[in-house]
$ cat final_32.cif   # mmCIF, C-alpha atoms
data_final
loop_
_atom_site.label_atom_id
_atom_site.label_comp_id
_atom_site.auth_asym_id
_atom_site.auth_seq_id
_atom_site.Cartn_x
_atom_site.Cartn_y
_atom_site.Cartn_z
CA MET S 1 57.19 -28.11 91.82
CA ALA S 2 54.28 -26.34 90.15
CA LEU S 3 56.69 -24.23 88.12
CA PHE S 4 58.60 -27.36 86.99
CA SER S 5 55.34 -29.04 85.95
CA SER S 6 54.35 -26.04 83.89
CA LEU S 7 57.73 -25.96 82.13
CA THR S 8 57.79 -29.70 81.33
CA PRO S 9 55.97 -29.35 77.96
CA VAL S 10 58.45 -26.62 77.00
CA PHE S 11 61.42 -28.86 77.80
CA ILE S 12 59.90 -31.74 75.84
CA ALA S 13 59.32 -29.49 72.82
CA ILE S 14 62.93 -28.23 72.94
CA ILE S 15 64.27 -31.79 73.17
CA CYS S 16 62.14 -32.87 70.17
CA VAL S 17 63.44 -29.96 68.09
CA LEU S 18 67.04 -30.83 68.97
CA ILE S 19 66.53 -34.50 68.10
CA GLY S 20 64.96 -33.52 64.77
CA ALA S 21 67.83 -31.21 63.92
CA ILE S 22 70.39 -33.92 64.73
CA LEU S 23 68.59 -36.52 62.58
CA LYS S 24 68.27 -34.07 59.68
CA LYS S 25 71.98 -33.28 59.82
CA THR S 26 72.87 -36.98 59.93
CA ASN S 27 70.67 -37.81 56.93
CA GLY S 28 72.04 -34.86 55.01
CA GLU S 29 75.62 -36.00 55.55
CA LYS S 30 74.66 -39.53 54.50
CA GLU S 31 73.02 -38.32 51.27
CA LYS S 32 76.00 -36.09 50.57
CA HIS S 33 78.36 -39.05 51.04
CA GLU S 34 76.23 -41.24 48.74
CA THR S 35 76.18 -38.53 46.08
CA LYS S 36 79.96 -38.20 46.21
CA SER S 37 80.41 -41.96 45.99
CA LYS S 38 78.34 -42.23 42.80
CA PRO S 39 80.34 -42.11 39.53
CA LEU S 40 79.89 -39.05 37.41
CA SER S 41 77.36 -39.68 34.67
CA HIS S 42 77.85 -38.65 31.07
CA PRO S 43 74.97 -37.78 28.73
CA TRP S 44 76.26 -40.26 26.13
CA VAL S 45 76.43 -43.24 28.53
CA ASP S 46 73.21 -45.25 28.60
CA GLU S 47 73.13 -46.70 32.11
CA ASP S 48 69.75 -48.39 31.68
CA LEU S 49 70.69 -50.50 28.66
CA LYS S 50 74.02 -52.00 29.71
CA ASP S 51 73.90 -55.71 29.13
CA GLY S 52 75.94 -56.80 32.14
CA THR S 53 78.95 -58.18 30.27
CA ASP S 54 80.98 -55.00 30.01
CA HIS S 55 83.65 -55.92 32.58
CA HIS S 56 83.57 -52.21 33.47
CA SER S 57 85.35 -51.46 30.20
CA GLU S 58 83.25 -48.49 29.16
CA GLU S 59 83.40 -47.09 32.70
CA GLU S 60 87.05 -46.17 32.28
CA VAL S 61 87.99 -42.56 31.71
CA VAL S 62 88.09 -41.69 28.04
CA ASP S 63 91.04 -39.65 26.75
CA GLU S 64 89.70 -36.09 26.58
CA GLU S 65 92.76 -34.63 24.84
CA TRP S 66 92.57 -36.49 21.54
CA GLN S 67 89.60 -38.29 20.06
CA GLY S 68 91.30 -39.21 16.80
CA LEU S 69 89.10 -36.81 14.84
CA GLU S 70 90.44 -34.60 12.08
CA GLU S 71 91.25 -31.16 13.41
CA ASN S 72 90.51 -29.38 10.16
CA VAL S 73 87.65 -30.70 8.06
CA ALA S 74 87.22 -28.96 4.75
CA HIS S 75 83.92 -27.15 4.34
CA VAL S 76 82.50 -27.16 0.82
CA PRO S 77 79.63 -25.23 -0.75
CA PHE S 78 76.22 -26.76 -0.14
CA PHE S 79 73.61 -26.68 -2.86
CA ALA S 80 70.06 -27.67 -1.99
CA GLU S 81 67.25 -28.36 -4.40
CA ARG S 82 64.35 -25.99 -3.83
CA TYR S 83 60.74 -26.89 -4.55
CA SER S 84 57.78 -24.65 -5.12
CA GLU S 85 55.32 -24.40 -2.25
CA ALA S 86 52.83 -26.51 -4.19
CA GLU S 87 55.47 -29.19 -4.81
CA MET S 88 56.53 -29.13 -1.15
CA ILE S 89 52.96 -29.69 -0.01
CA LYS S 90 52.46 -32.46 -2.54
CA ARG S 91 55.69 -34.26 -1.61
CA SER S 92 55.08 -33.97 2.13
CA GLN S 93 51.54 -35.30 1.73
CA MET S 94 52.71 -38.24 -0.39
CA PHE S 95 55.43 -39.12 2.09
CA TYR S 96 52.97 -38.96 4.99
CA GLU S 97 50.52 -41.22 3.14
CA LEU S 98 53.32 -43.69 2.45
CA LEU S 99 54.48 -43.89 6.06
CA ASN S 100 50.92 -43.89 7.39
CA LYS S 101 50.61 -47.35 5.84
CA ARG S 102 53.46 -48.62 8.03
CA ARG S 103 52.34 -51.32 10.46
CA SER S 104 54.16 -53.64 12.81
CA VAL S 105 53.72 -57.03 11.12
CA ARG S 106 54.45 -60.22 13.05
CA PHE S 107 53.38 -62.62 10.30
CA LEU S 108 56.16 -62.49 7.71
CA SER S 109 56.52 -64.65 4.63
CA ASP S 110 59.67 -66.57 3.74
CA GLU S 111 59.45 -65.19 0.19
CA PRO S 112 62.95 -64.07 -0.92
CA VAL S 113 63.80 -60.38 -0.90
CA PRO S 114 66.50 -59.01 -3.23
CA ARG S 115 69.71 -58.48 -1.28
CA GLU S 116 70.31 -55.20 -3.11
CA VAL S 117 67.17 -53.78 -1.49
CA ILE S 118 68.58 -54.55 1.97
CA ASP S 119 71.89 -52.95 0.99
CA ASN S 120 70.09 -49.81 -0.14
CA VAL S 121 67.88 -49.39 2.93
CA ILE S 122 70.91 -49.71 5.19
CA ARG S 123 72.81 -47.24 3.03
CA THR S 124 69.89 -44.90 3.66
CA ALA S 125 69.91 -45.51 7.41
CA GLY S 126 73.59 -45.35 8.05
CA MET S 127 76.15 -47.24 6.06
CA VAL S 128 77.27 -49.57 3.29
CA LEU S 129 77.42 -53.34 3.64
CA SER S 130 80.64 -55.29 3.39
CA GLY S 131 81.01 -58.93 2.50
CA PRO S 132 80.72 -61.94 4.84
CA ARG S 133 82.51 -61.53 8.16
CA SER S 134 83.92 -65.03 8.41
CA GLU S 135 84.20 -68.03 6.13
CA LYS S 136 84.35 -70.36 9.14
CA LYS S 137 81.05 -69.23 10.58
CA LYS S 138 77.65 -69.03 8.98
CA ARG S 139 77.16 -66.04 6.77
CA ILE S 140 76.85 -62.68 8.56
CA SER S 141 77.01 -59.33 6.82
CA ILE S 142 78.34 -56.36 8.73
CA ALA S 143 77.44 -52.79 7.86
CA VAL S 144 80.28 -50.24 7.87
CA GLN S 145 81.10 -46.63 6.95
CA LEU S 146 79.36 -44.06 4.70
CA CYS S 147 76.72 -42.42 6.83
CA THR S 148 73.56 -40.56 5.86
CA SER S 149 72.08 -40.40 9.38
CA PRO S 150 73.31 -37.68 11.76
CA SER S 151 75.34 -38.60 14.85
CA GLY S 152 76.99 -36.85 17.79
CA ALA S 153 80.27 -35.28 16.57
CA HIS S 154 79.89 -37.45 13.43
CA THR S 155 81.12 -40.53 15.31
CA GLU S 156 78.69 -42.88 13.49
CA PRO S 157 78.25 -45.20 16.52
CA TRP S 158 76.34 -48.01 14.84
CA THR S 159 76.69 -51.47 13.39
CA PHE S 160 73.95 -53.15 11.34
CA VAL S 161 74.25 -56.95 11.31
CA VAL S 162 72.23 -58.61 8.55
CA VAL S 163 71.48 -62.30 9.15
CA GLN S 164 70.11 -64.44 6.32
CA GLU S 165 71.53 -67.88 7.16
CA PRO S 166 68.68 -70.17 8.41
CA TYR S 167 70.88 -71.79 11.06
CA LEU S 168 71.78 -68.44 12.59
CA LYS S 169 68.22 -67.16 12.41
CA HIS S 170 67.02 -70.23 14.31
CA LYS S 171 69.73 -69.82 16.97
CA ILE S 172 68.61 -66.23 17.42
CA ARG S 173 65.01 -67.41 17.78
CA GLU S 174 66.01 -69.95 20.44
CA ILE S 175 67.84 -67.30 22.47
CA VAL S 176 65.04 -64.75 22.16
CA GLU S 177 62.19 -67.14 22.94
CA GLU S 178 63.95 -68.57 25.98
CA GLU S 179 64.50 -65.10 27.46
CA GLU S 180 61.14 -63.74 26.36
CA GLU S 181 59.28 -66.54 28.14
CA ILE S 182 61.03 -65.52 31.35
CA ASN S 183 60.26 -61.87 30.58
CA TYR S 184 56.54 -62.53 30.18
CA LYS S 185 56.29 -64.82 33.21
CA LYS S 186 58.59 -63.04 35.66
CA ARG S 187 60.41 -59.87 34.61
CA MET S 188 57.81 -57.72 32.89
CA GLY S 189 55.14 -57.72 35.57
CA ASP S 190 51.36 -58.02 35.34
CA ARG S 191 50.68 -54.48 34.10
CA TRP S 192 53.04 -54.75 31.12
CA VAL S 193 51.81 -58.22 30.19
CA ASN S 194 48.17 -57.11 30.44
CA ASP S 195 48.86 -54.08 28.25
CA LEU S 196 50.17 -56.43 25.56
CA LYS S 197 47.22 -58.83 25.65
CA ARG S 198 45.13 -56.71 23.29
CA LEU S 199 47.97 -56.93 20.75
CA ARG S 200 48.03 -60.74 21.12
CA THR S 201 51.79 -60.92 21.54
CA ASN S 202 53.70 -63.56 23.46
CA TRP S 203 57.18 -65.10 23.60
CA ILE S 204 56.72 -67.20 20.46
CA LYS S 205 58.59 -65.46 17.62
CA GLU S 206 58.00 -67.49 14.45
CA TYR S 207 58.98 -64.53 12.30
CA LEU S 208 62.61 -64.93 13.42
CA ASP S 209 62.71 -68.13 11.35
CA THR S 210 60.47 -67.15 8.44
CA ALA S 211 61.65 -63.62 7.64
CA PRO S 212 64.28 -63.73 4.88
CA TYR S 213 66.46 -61.23 6.78
CA LEU S 214 67.03 -60.25 10.38
CA ILE S 215 68.67 -56.87 10.92
CA LEU S 216 70.22 -56.43 14.35
CA ILE S 217 71.23 -52.86 15.14
CA PHE S 218 74.03 -52.41 17.66
CA LYS S 219 75.07 -49.15 19.27
CA GLN S 220 78.80 -48.66 19.79
CA VAL S 221 79.12 -47.20 23.29
CA TYR S 222 82.68 -46.17 22.46
CA GLY S 223 85.08 -46.46 19.53
CA GLN S 224 88.67 -47.62 19.19
CA LEU S 225 91.50 -45.26 18.20
CA PRO S 226 94.54 -46.35 16.16
CA ASN S 227 96.67 -46.03 19.31
CA GLY S 228 94.43 -48.45 21.20
CA LYS S 229 92.71 -45.82 23.31
CA LYS S 230 88.96 -45.41 23.46
CA LYS S 231 87.06 -42.85 21.46
CA THR S 232 83.99 -41.22 22.97
CA HIS S 233 80.76 -41.78 21.06
CA TYR S 234 78.60 -38.87 22.14
CA TYR S 235 74.87 -39.51 22.47
CA ASN S 236 75.34 -42.92 20.89
CA GLU S 237 71.86 -44.22 21.70
CA ILE S 238 70.09 -41.13 20.34
CA SER S 239 72.23 -41.23 17.19
CA VAL S 240 71.52 -44.91 16.55
CA SER S 241 67.81 -44.44 17.31
CA ILE S 242 67.62 -41.72 14.64
CA ALA S 243 69.27 -44.11 12.17
CA CYS S 244 66.72 -46.78 13.08
CA GLY S 245 63.87 -44.38 12.34
CA ILE S 246 65.33 -43.64 8.92
CA LEU S 247 65.74 -47.39 8.34
CA LEU S 248 62.06 -48.01 9.12
CA ALA S 249 61.06 -45.31 6.63
CA ALA S 250 63.38 -46.78 3.99
CA LEU S 251 61.89 -50.27 4.48
CA GLN S 252 58.38 -48.89 4.10
CA ASN S 253 59.43 -47.03 0.95
CA ALA S 254 60.74 -50.32 -0.50
CA GLY S 255 57.50 -52.18 0.26
CA LEU S 256 58.98 -54.27 3.07
CA TYR S 257 57.60 -54.77 6.56
CA THR S 258 58.97 -55.48 10.02
CA VAL S 259 58.17 -55.38 13.73
CA THR S 260 60.42 -53.46 16.10
CA SER S 261 61.74 -55.95 18.64
CA THR S 262 63.74 -55.12 21.76
CA PRO S 263 64.04 -58.49 23.53
CA LEU S 264 65.10 -58.02 27.15
CA ASN S 265 68.21 -59.79 28.41
CA CYS S 266 69.11 -61.20 24.97
CA GLY S 267 71.86 -58.73 24.08
CA PRO S 268 74.89 -60.52 25.60
CA GLN S 269 74.07 -63.91 24.04
CA LEU S 270 73.28 -62.43 20.64
CA ARG S 271 76.44 -60.37 20.71
CA VAL S 272 78.52 -63.49 21.33
CA LEU S 273 76.63 -65.46 18.67
CA LEU S 274 77.23 -62.74 16.08
CA GLN S 275 80.87 -62.19 17.13
CA ARG S 276 80.41 -58.55 18.04
CA PRO S 277 82.98 -56.76 20.24
CA ALA S 278 82.37 -55.69 23.84
CA ASN S 279 81.75 -52.04 22.92
CA GLU S 280 78.65 -52.94 20.90
CA LYS S 281 75.27 -53.30 22.61
CA LEU S 282 72.10 -54.56 20.92
CA LEU S 283 69.52 -51.79 20.53
CA LEU S 284 66.97 -53.23 18.10
CA LEU S 285 66.13 -56.42 16.21
CA LEU S 286 64.15 -56.14 12.97
CA PRO S 287 62.81 -59.15 11.04
CA VAL S 288 62.37 -57.94 7.46
CA GLY S 289 60.25 -59.34 4.64
CA TYR S 290 56.85 -59.40 2.97
CA PRO S 291 53.66 -59.98 4.99
CA LYS S 292 52.06 -63.41 4.72
CA LYS S 293 48.90 -63.50 2.62
CA ASP S 294 46.82 -64.22 5.74
CA ALA S 295 48.69 -61.72 7.95
CA THR S 296 46.66 -59.71 10.45
CA VAL S 297 47.41 -56.59 12.47
CA PRO S 298 45.59 -54.96 15.41
CA ALA S 299 42.97 -52.38 14.38
CA LEU S 300 44.76 -49.48 16.04
CA THR S 301 44.35 -45.76 15.47
CA ARG S 302 46.98 -43.03 15.69
CA LYS S 303 46.72 -39.81 17.66
CA PRO S 304 45.46 -36.80 15.66
CA LEU S 305 47.87 -33.97 14.86
CA GLU S 306 46.42 -31.65 17.50
CA ASP S 307 47.29 -34.19 20.20
CA ILE S 308 50.96 -34.43 19.28
CA MET S 309 51.90 -30.96 17.98
CA VAL S 310 52.12 -27.70 19.87
CA VAL S 311 52.49 -24.48 17.86
CA MET S 312 53.64 -21.41 19.80
#

$ encode --input "final_32.cif" --output "structure tokens"
Amino acid sequence: MALFSSLTPVFIAIICVLIGAILKKTNGEKEKHETKSKPLSHPWVDEDLKDGTDHHSEEEVVDEEWQGLEENVAHVPFFAERYSEAEMIKRSQMFYELLNKRRSVRFLSDEPVPREVIDNVIRTAGMVLSGPRSEKKKRISIAVQLCTSPSGAHTEPWTFVVVQEPYLKHKIREIVEEEEEINYKKRMGDRWVNDLKRLRTNWIKEYLDTAPYLILIFKQVYGQLPNGKKKTHYYNEISVSIACGILLAALQNAGLYTVTSTPLNCGPQLRVLLQRPANEKLLLLLPVGYPKKDATVPALTRKPLEDIMVVM
């Protein structure tokens, strides 16, 4: 009996080790099963920005054998203009000073802006504008073709929708304000809302009515081939984001101002309103115009160069 009592702690320890090993094995098999059950992710699929109305269309396997791209693209000589070091420094400094004046302006005037300026800034960002999309609906201009911005495998996965019709602008405002009020009160959370208080932003978006143009940038998560199959748009969100950055610089160069707007949960409704196909997802909304005479902006400062650049 004394021997059994002395061995009891040993038996208990052995039993605990066995139970731990069994639980670890069970959890490992469960995690392995969950990993296998998850769909394979692709670097050009943006899981976090799907708008919930895809009907699983972009989840289907894309034809890997033929993407509809030209097999042999002619390569031509490239001639670049070279500047002296002094000219390079001067030009880079002037461009920095120009873009350093860029501010997010929420108080935009209804003063007309020449349409040709809008055409040119979108040419710079990504493409050339066509005419009105539909005579039955209010006037919408759709941007197509002729790219200056880089994109994955030169797929040009973007559409710029330019809205100037007051009726459509107001419908957009109604959709955005309705969803933004829910965002501020429920979806965003206290931390996000508190971080925005110092900027004095809320769900009221008057600039969506007053700005002479609204530019809505859609990313094409996949393309359409002549045979009806889908065409992969590699790194579509990164490609479109680069184009948006170029667009912001082009607007600043033209003396126009905007505020970058990414209204949560508005994409599906805006896509339907603007008659965009299911493969296009809203990435950014830009109201474009001149600042009001009494416009104000937060007195913010930007990080110094040493805080954002690492030289090795």

$ atom_distance --input "final_32.cif" --atom1 "atom CA of Ser151 of chain S" --atom2 "atom CA of Ala250 of chain S"
18.1 Å

$ resolve_selection --input "final_32.cif" --expression "the PyMOL selection byres ((chain S and resi 213) around 12)" --output "ChimeraX atom specification"
/S:108-115,117-119,139-141,160-166,168-170,172,207-212,214-216,256-258,285-290

$ closest_residue --input "final_32.cif" --among "S:Val259, S:Ile175, S:Met188, S:Lys229" --to "Arg271 of chain S" --atoms "all atoms listed in the file"
S:Ile175

$ residues_around --input "final_32.cif" --residues "Arg103 of chain S" --least-positions-apart "2" --cutoff "12 Å" --atoms "only C-alpha atoms" --output "list in words"
Leu98, Leu99, Asn100, Lys101, Val105, Arg106, Phe107, Leu248, Ala249, Leu251, Gln252, Gly255, Leu256, Tyr257, Thr258, Val259, Thr260, Tyr290, Pro291, Ala295, Thr296, Val297, Pro298, Ala299, Leu300, Thr301 and Arg302 of chain S

$ atom_distance --input "final_32.cif" --atom1 "atom CA of Asn194 of chain S" --atom2 "atom CA of Gly245 of chain S"
27.1 Å

$ atom_distance --input "final_32.cif" --atom1 "atom CA of Thr155 of chain S" --atom2 "atom CA of Gly223 of chain S"
8.3 Å

$ resolve_selection --input "final_32.cif" --expression "the PyMOL selection byres ((chain S and resi 240) around 9)" --output "PyMOL selection string"
chain S and resi 126+149-151+156-159+217-220+235-239+241-245+283

$ resolve_selection --input "final_32.cif" --expression "the PyMOL selection byres ((chain S and resi 264) around 8)" --output "list in words"
Glu179, Glu180, Asn183, Thr262, Pro263, Asn265, Cys266 and Gly267 of chain S

$ closest_residue --input "final_32.cif" --among "S:Gly152, S:Pro304, S:Gly189, S:Pro277" --to "Tyr234 of chain S" --atoms "all atoms listed in the file"
S:Gly152
